[in-house]
Amino acid sequence: IVPVLVLSSNTDQEYQTDLIEAGVDDILTSEAPPETLLRRFRWLLRQRRQNLALARRNQNLHAITLVSRRLHNADHPQSLIVDTIHTLCTAFGLYGVAIAINQGDSQKLYAGTAGVNDNRRLYESAIPLHHYDPFRQCITSGMSQIYRDLNTHPFYTPIPVLPNTPSAIIVPLTYGEQILGALAVFNTHERPFSSDELMLYELLAGHLGSAYYNVRQYYAQDVNYQSARQTLRAWQRLTQLYKPEEVAHSLRELVQDTRSVNNALVWLFDTREDAEEILMNASNTDAIDVFKKLYEDGHVTRMLDQFDDRMQPLSFLIGRGQDPLNAMFRVMDGQQILLLPVVGSLQLLGGVFVTNKVNQSFSTEDINLMESLT
């Protein structure tokens with residue numbers, strides 16, 4: 001790739017032949033005029049640039065092949081997203097990657113860097129983006145975008161885990177004619193993107209869109225199948241139980257068997273005469289101690305007040321500072337906490353705290369299954 005130009009006063013043909021066989025690109029004698037030297041030198045530099053571009057293109061094509069193989073091996077939508085972010089950052093030396101999944105009125109945004117697999121630095125948000133936000137524009141129009149400095153875009157919402165995102169390419173994630181979302185890749189001022197790289201990431205987005213659609217369909221079908229089995233199993237077990245302690249224990253086991261659930265804590269209000277005020281069941285005794293503290297301090301009551309008339313589950317992400325739920329995140333080992341109400345005869349009987357497994361957020365199918373159990 002590095003050109004070698006020899007300037008010599010030796011005009012011996014055998015000597016020059018030996019130099020060429022040794023790898024020299026060109027030989028010029030000292031008698032050559034300066035204009036000739038400059039012209040040949042510029043030609044060699046242009047040849048070097050072309051060789052470097054060809055080497056990068058071959059390297060990128062090889063990386064696309066490796067990335068594509070990995071994309072189609074995922075078995076969970078969020079695992080696919082996490083693996084994509086890590087793999088793209090590693091294979092292409094990117095500063096960061098963000099993936100926006102279109103959910104109609106809002107977009108689910110995931111972002112991270114090469115270390116997202118190891119230190120759980122995956123960023124998640126589900127917010128309605130401004131109509132002129134670059135992600136929203138890409139999803140709406142289906143057109144790719146390239147920015148020299150994305151931070152200057154008046155409607156771009158900065159991503160906390162990617163504070164330095166000047167150079168960016170945003171391409172649509174498609175499956176057939178359907179736009180599933182957008183893929184954004186970021187680099188720093190030192191390594192800005194060129195328009196030649198746009199086609200590369202459009203090709204990658206096509207592979208990712210196909211893989212995401214397939215894994216989402218497969219996962220939804222699998223969860224629906226597991227839901228039917230789990231609901232039947234729950235009905236068979238719970239209808240044979242009469243003691244609240246047994247109900248709490250069985251309900252916790254059934255919820256914890258859901259694919260995306262890492263840990264679960266069940267509490268029930270005990271209405272029996274001379275009984276304790278509340279029953280709790282968890283596989284982790286530390287979680288019970290933390291729950292007692294949250295309940296005594298009134299935090300649980302304030303969370304229950306957030307339920308609407310339809311008793312929809314509440315979702316909480318790890319907070320900053322003195323968030324009282326941080327202790328629960330720590331002892332239940334999760335990135336997301338879901339609060340499910342236990343309802344009977346239009347009366348709130350208790351609730352269930354569940355945390356997700358690493359790199360597996362709760363899907364709509366998972367939540368529907370847990371709601372049917374509670």
# chains A, B, ... in the order shown; residues from 1 in each chain; ligands from 1
$ select_by_dssp --residues "range 157-313 of chain A" --states "strand (DSSP E or B)" --output "number ranges by chain"
A: 159, 162, 167-175, 178-187, 261-269, 278-282
$ atom_distance --atom1 "CA of Pro192 in chain A" --atom2 "CA of Leu150 in chain A"
11.3 Å
$ residues_around --residues "range 134-139 of chain A" --least-positions-apart "6" --cutoff "10 Å" --atoms "only C-alpha atoms" --output "list in words"
Ala98, Ile99, Ala100, Ile101, Asn102, Ser106, Gln107, Leu109, Pro128, Gln145, Ile146, Tyr147, Leu150, His153, Pro154, Phe155, Tyr156, Thr157, Ile170, Val171, Pro172, Leu173, Thr174, Ile179, Leu180, Gly181, Ala182, Leu183 and Ala184 of chain A
$ closest_residue --among "A:Pro313, A:Leu44, A:Leu349, A:Arg39" --to "Val24 in chain A" --atoms "only C-alpha atoms"
A:Leu44
$ residues_around --residues "Leu94 in chain A" --least-positions-apart "5" --cutoff "9 Å" --atoms "only C-alpha atoms" --output "JSON, numbers by chain"
{"A": [88, 89, 113, 114, 185, 186, 187, 188]}
$ closest_residue --among "A:Ala264, A:Ala220, A:Ile27, A:Ile288" --to "Asp366 in chain A" --atoms "only C-alpha atoms"
A:Ala220
$ select_by_dssp --residues "range 107-254 of chain A" --states "alpha helix (DSSP H)" --output "compact mmCIF listing (two decimals) with N, CA, C and O atoms, in the first residue's frame"
# COMPACT_ATOMS: atom_id res chain seq x y z
N VAL A 116 -20.94 -2.10 25.18
CA VAL A 116 -22.30 -2.26 25.69
C VAL A 116 -22.57 -3.67 26.20
O VAL A 116 -23.36 -3.88 27.10
N ASN A 117 -21.90 -4.68 25.65
CA ASN A 117 -22.10 -6.05 26.11
C ASN A 117 -21.53 -6.28 27.50
O ASN A 117 -22.02 -7.12 28.25
N ASP A 118 -20.46 -5.56 27.83
CA ASP A 118 -19.75 -5.83 29.07
C ASP A 118 -20.22 -4.98 30.25
O ASP A 118 -20.34 -5.46 31.35
N ASN A 119 -20.48 -3.71 30.02
CA ASN A 119 -20.78 -2.83 31.15
C ASN A 119 -22.22 -2.31 31.17
O ASN A 119 -22.53 -1.39 31.88
N PRO A 134 -34.00 14.26 13.25
CA PRO A 134 -33.40 13.50 12.13
C PRO A 134 -33.82 12.03 12.09
O PRO A 134 -33.99 11.47 11.00
N PHE A 135 -34.00 11.40 13.27
CA PHE A 135 -34.47 10.01 13.27
C PHE A 135 -35.90 9.94 12.71
O PHE A 135 -36.21 9.06 11.89
N ARG A 136 -36.75 10.83 13.20
CA ARG A 136 -38.15 10.84 12.75
C ARG A 136 -38.23 11.13 11.25
O ARG A 136 -39.03 10.53 10.53
N GLN A 137 -37.41 12.06 10.77
CA GLN A 137 -37.41 12.39 9.36
C GLN A 137 -36.97 11.21 8.50
O GLN A 137 -37.54 10.95 7.43
N CYS A 138 -35.98 10.48 8.98
CA CYS A 138 -35.50 9.31 8.24
C CYS A 138 -36.59 8.24 8.16
O CYS A 138 -36.81 7.64 7.11
N ILE A 139 -37.28 8.00 9.29
CA ILE A 139 -38.35 7.00 9.33
C ILE A 139 -39.52 7.42 8.46
O ILE A 139 -40.12 6.61 7.74
N THR A 140 -39.85 8.70 8.50
CA THR A 140 -41.01 9.20 7.74
C THR A 140 -40.75 9.21 6.24
O THR A 140 -41.59 8.79 5.45
N SER A 141 -39.56 9.69 5.86
CA SER A 141 -39.26 9.85 4.43
C SER A 141 -38.65 8.60 3.80
O SER A 141 -38.74 8.40 2.59
N LEU A 198 -21.96 5.88 2.69
CA LEU A 198 -23.42 5.84 2.83
C LEU A 198 -23.97 4.51 2.31
O LEU A 198 -24.82 3.87 2.96
N MET A 199 -23.48 4.05 1.17
CA MET A 199 -23.98 2.80 0.59
C MET A 199 -23.66 1.62 1.49
O MET A 199 -24.46 0.67 1.61
N LEU A 200 -22.51 1.65 2.15
CA LEU A 200 -22.11 0.57 3.05
C LEU A 200 -23.13 0.40 4.18
O LEU A 200 -23.60 -0.72 4.44
N TYR A 201 -23.49 1.51 4.82
CA TYR A 201 -24.40 1.41 5.96
C TYR A 201 -25.85 1.19 5.52
O TYR A 201 -26.66 0.64 6.28
N GLU A 202 -26.20 1.60 4.30
CA GLU A 202 -27.51 1.24 3.77
C GLU A 202 -27.62 -0.26 3.57
O GLU A 202 -28.67 -0.87 3.85
N LEU A 203 -26.53 -0.87 3.11
CA LEU A 203 -26.51 -2.33 2.95
C LEU A 203 -26.63 -3.03 4.29
O LEU A 203 -27.38 -4.00 4.45
N LEU A 204 -25.91 -2.51 5.29
CA LEU A 204 -25.99 -3.09 6.64
C LEU A 204 -27.39 -2.94 7.22
O LEU A 204 -27.91 -3.86 7.86
N ALA A 205 -28.00 -1.78 7.00
CA ALA A 205 -29.35 -1.55 7.53
C ALA A 205 -30.35 -2.51 6.91
O ALA A 205 -31.30 -2.94 7.57
N GLY A 206 -30.15 -2.87 5.64
CA GLY A 206 -31.02 -3.85 5.01
C GLY A 206 -30.92 -5.20 5.68
O GLY A 206 -31.94 -5.87 5.94
N HIS A 207 -29.70 -5.64 6.00
CA HIS A 207 -29.51 -6.91 6.71
C HIS A 207 -30.12 -6.85 8.11
O HIS A 207 -30.78 -7.79 8.56
N LEU A 208 -29.90 -5.71 8.81
CA LEU A 208 -30.43 -5.57 10.16
C LEU A 208 -31.95 -5.56 10.16
O LEU A 208 -32.60 -6.17 11.01
N GLY A 209 -32.56 -4.84 9.20
CA GLY A 209 -34.01 -4.78 9.12
C GLY A 209 -34.62 -6.16 8.91
O GLY A 209 -35.61 -6.52 9.57
N SER A 210 -34.02 -6.95 8.04
CA SER A 210 -34.52 -8.30 7.79
C SER A 210 -34.36 -9.18 9.03
O SER A 210 -35.28 -9.92 9.41
N ALA A 211 -33.19 -9.08 9.69
CA ALA A 211 -32.96 -9.90 10.88
C ALA A 211 -33.90 -9.49 12.02
O ALA A 211 -34.44 -10.36 12.73
N TYR A 212 -34.11 -8.18 12.20
CA TYR A 212 -34.98 -7.72 13.29
C TYR A 212 -36.43 -8.16 13.06
O TYR A 212 -37.11 -8.60 13.99
N TYR A 213 -36.90 -8.04 11.83
CA TYR A 213 -38.28 -8.47 11.53
C TYR A 213 -38.45 -9.95 11.82
O TYR A 213 -39.44 -10.37 12.44
N ASN A 214 -37.49 -10.76 11.38
CA ASN A 214 -37.61 -12.21 11.57
C ASN A 214 -37.55 -12.61 13.04
O ASN A 214 -38.35 -13.43 13.50
N VAL A 215 -36.61 -12.01 13.79
CA VAL A 215 -36.49 -12.40 15.20
C VAL A 215 -37.67 -11.90 16.00
O VAL A 215 -38.13 -12.57 16.94
N ARG A 216 -38.23 -10.75 15.62
CA ARG A 216 -39.41 -10.25 16.32
C ARG A 216 -40.62 -11.14 16.07
O ARG A 216 -41.39 -11.44 16.99
N GLN A 217 -40.78 -11.59 14.83
CA GLN A 217 -41.89 -12.49 14.52
C GLN A 217 -41.73 -13.83 15.23
O GLN A 217 -42.69 -14.36 15.81
N TYR A 218 -40.52 -14.36 15.20
CA TYR A 218 -40.26 -15.64 15.85
C TYR A 218 -40.49 -15.53 17.36
O TYR A 218 -41.12 -16.40 17.98
N TYR A 219 -40.00 -14.44 17.94
CA TYR A 219 -40.13 -14.27 19.38
C TYR A 219 -41.59 -14.11 19.79
O TYR A 219 -42.04 -14.68 20.79
N ALA A 220 -42.36 -13.36 19.01
CA ALA A 220 -43.78 -13.16 19.32
C ALA A 220 -44.54 -14.49 19.26
O ALA A 220 -45.38 -14.79 20.12
N GLN A 221 -44.24 -15.30 18.25
CA GLN A 221 -44.90 -16.60 18.13
C GLN A 221 -44.52 -17.51 19.30
O GLN A 221 -45.38 -18.21 19.86
N ASP A 222 -43.25 -17.48 19.67
CA ASP A 222 -42.80 -18.33 20.77
C ASP A 222 -43.42 -17.90 22.09
O ASP A 222 -43.84 -18.73 22.90
N VAL A 223 -43.51 -16.58 22.31
CA VAL A 223 -44.10 -16.08 23.55
C VAL A 223 -45.59 -16.41 23.61
O VAL A 223 -46.12 -16.78 24.67
N ASN A 224 -46.27 -16.30 22.48
CA ASN A 224 -47.70 -16.64 22.45
C ASN A 224 -47.92 -18.12 22.79
O ASN A 224 -48.86 -18.49 23.50
N TYR A 225 -47.03 -18.97 22.29
CA TYR A 225 -47.13 -20.40 22.59
C TYR A 225 -46.86 -20.64 24.07
O TYR A 225 -47.60 -21.37 24.75
N GLN A 226 -45.79 -20.00 24.58
CA GLN A 226 -45.47 -20.15 26.01
C GLN A 226 -46.58 -19.56 26.87
O GLN A 226 -46.87 -20.08 27.96
N SER A 227 -47.21 -18.50 26.41
CA SER A 227 -48.28 -17.86 27.17
C SER A 227 -49.45 -18.81 27.36
O SER A 227 -50.01 -18.90 28.46
N ALA A 228 -49.82 -19.50 26.28
CA ALA A 228 -50.93 -20.45 26.38
C ALA A 228 -50.61 -21.56 27.38
O ALA A 228 -51.44 -21.92 28.23
N ARG A 229 -49.39 -22.08 27.31
CA ARG A 229 -48.98 -23.14 28.24
C ARG A 229 -48.91 -22.62 29.67
O ARG A 229 -49.36 -23.29 30.61
N GLN A 230 -48.35 -21.42 29.83
CA GLN A 230 -48.18 -20.86 31.16
C GLN A 230 -49.53 -20.53 31.81
O GLN A 230 -49.72 -20.75 33.01
N THR A 231 -50.46 -20.01 31.01
CA THR A 231 -51.79 -19.67 31.55
C THR A 231 -52.53 -20.92 32.00
O THR A 231 -53.17 -20.95 33.08
N LEU A 232 -52.44 -21.98 31.21
CA LEU A 232 -53.07 -23.25 31.60
C LEU A 232 -52.44 -23.81 32.86
O LEU A 232 -53.14 -24.26 33.78
N ARG A 233 -51.12 -23.74 32.92
CA ARG A 233 -50.40 -24.23 34.10
C ARG A 233 -50.78 -23.42 35.34
O ARG A 233 -50.98 -23.96 36.43
N ALA A 234 -50.90 -22.08 35.18
CA ALA A 234 -51.26 -21.23 36.31
C ALA A 234 -52.67 -21.56 36.81
O ALA A 234 -52.92 -21.63 38.02
N TRP A 235 -53.59 -21.73 35.89
CA TRP A 235 -54.97 -22.05 36.27
C TRP A 235 -55.03 -23.37 37.04
O TRP A 235 -55.73 -23.48 38.05
N GLN A 236 -54.28 -24.36 36.58
CA GLN A 236 -54.28 -25.65 37.26
C GLN A 236 -53.69 -25.57 38.66
O GLN A 236 -54.15 -26.24 39.58
N ARG A 237 -52.66 -24.73 38.83
CA ARG A 237 -52.01 -24.64 40.14
C ARG A 237 -52.79 -23.75 41.11
O ARG A 237 -53.02 -24.12 42.26
N LEU A 238 -53.17 -22.55 40.63
CA LEU A 238 -53.75 -21.57 41.55
C LEU A 238 -55.15 -21.95 42.01
O LEU A 238 -55.56 -21.56 43.12
N PRO A 244 -53.04 -17.83 51.39
CA PRO A 244 -52.39 -16.69 50.70
C PRO A 244 -50.89 -16.88 50.51
O PRO A 244 -50.33 -16.47 49.48
N GLU A 245 -50.23 -17.52 51.50
CA GLU A 245 -48.79 -17.74 51.37
C GLU A 245 -48.47 -18.64 50.17
O GLU A 245 -47.50 -18.40 49.44
N GLU A 246 -49.31 -19.68 49.97
CA GLU A 246 -49.09 -20.58 48.85
C GLU A 246 -49.38 -19.89 47.51
O GLU A 246 -48.69 -20.11 46.52
N VAL A 247 -50.40 -19.04 47.50
CA VAL A 247 -50.73 -18.30 46.29
C VAL A 247 -49.57 -17.36 45.91
O VAL A 247 -49.16 -17.29 44.74
N ALA A 248 -49.04 -16.65 46.91
CA ALA A 248 -47.93 -15.73 46.64
C ALA A 248 -46.71 -16.47 46.11
O ALA A 248 -46.05 -16.02 45.16
N HIS A 249 -46.40 -17.62 46.70
CA HIS A 249 -45.24 -18.41 46.28
C HIS A 249 -45.43 -18.93 44.85
O HIS A 249 -44.52 -18.81 44.01
N SER A 250 -46.60 -19.49 44.55
CA SER A 250 -46.85 -20.04 43.21
C SER A 250 -46.87 -18.94 42.16
O SER A 250 -46.35 -19.10 41.05
N LEU A 251 -47.48 -17.80 42.49
CA LEU A 251 -47.54 -16.69 41.55
C LEU A 251 -46.14 -16.17 41.23
O LEU A 251 -45.82 -15.88 40.07
N ARG A 252 -45.30 -16.09 42.25
CA ARG A 252 -43.93 -15.62 42.01
C ARG A 252 -43.18 -16.59 41.09
O ARG A 252 -42.47 -16.18 40.17
N GLU A 253 -43.33 -17.90 41.30
CA GLU A 253 -42.66 -18.88 40.45
C GLU A 253 -43.17 -18.81 39.01
O GLU A 253 -42.39 -18.90 38.05
N LEU A 254 -44.47 -18.65 38.85
CA LEU A 254 -45.04 -18.59 37.50
C LEU A 254 -44.57 -17.35 36.74
O LEU A 254 -44.22 -17.42 35.56
$ closest_residue --among "A:Asn164, A:Asn151, A:Gln59, A:Thr65" --to "Gly96 in chain A" --atoms "only C-alpha atoms"
A:Asn164
$ closest_residue --among "A:Ser125, A:Ser315, A:Asn60, A:Thr17" --to "Gly93 in chain A" --atoms "only C-alpha atoms"
A:Asn60
$ residues_around --residues "Pro160 in chain A" --least-positions-apart "6" --cutoff "10 Å" --atoms "only C-alpha atoms" --output "list in words"
Ala111, Gly112 and Tyr123 of chain A
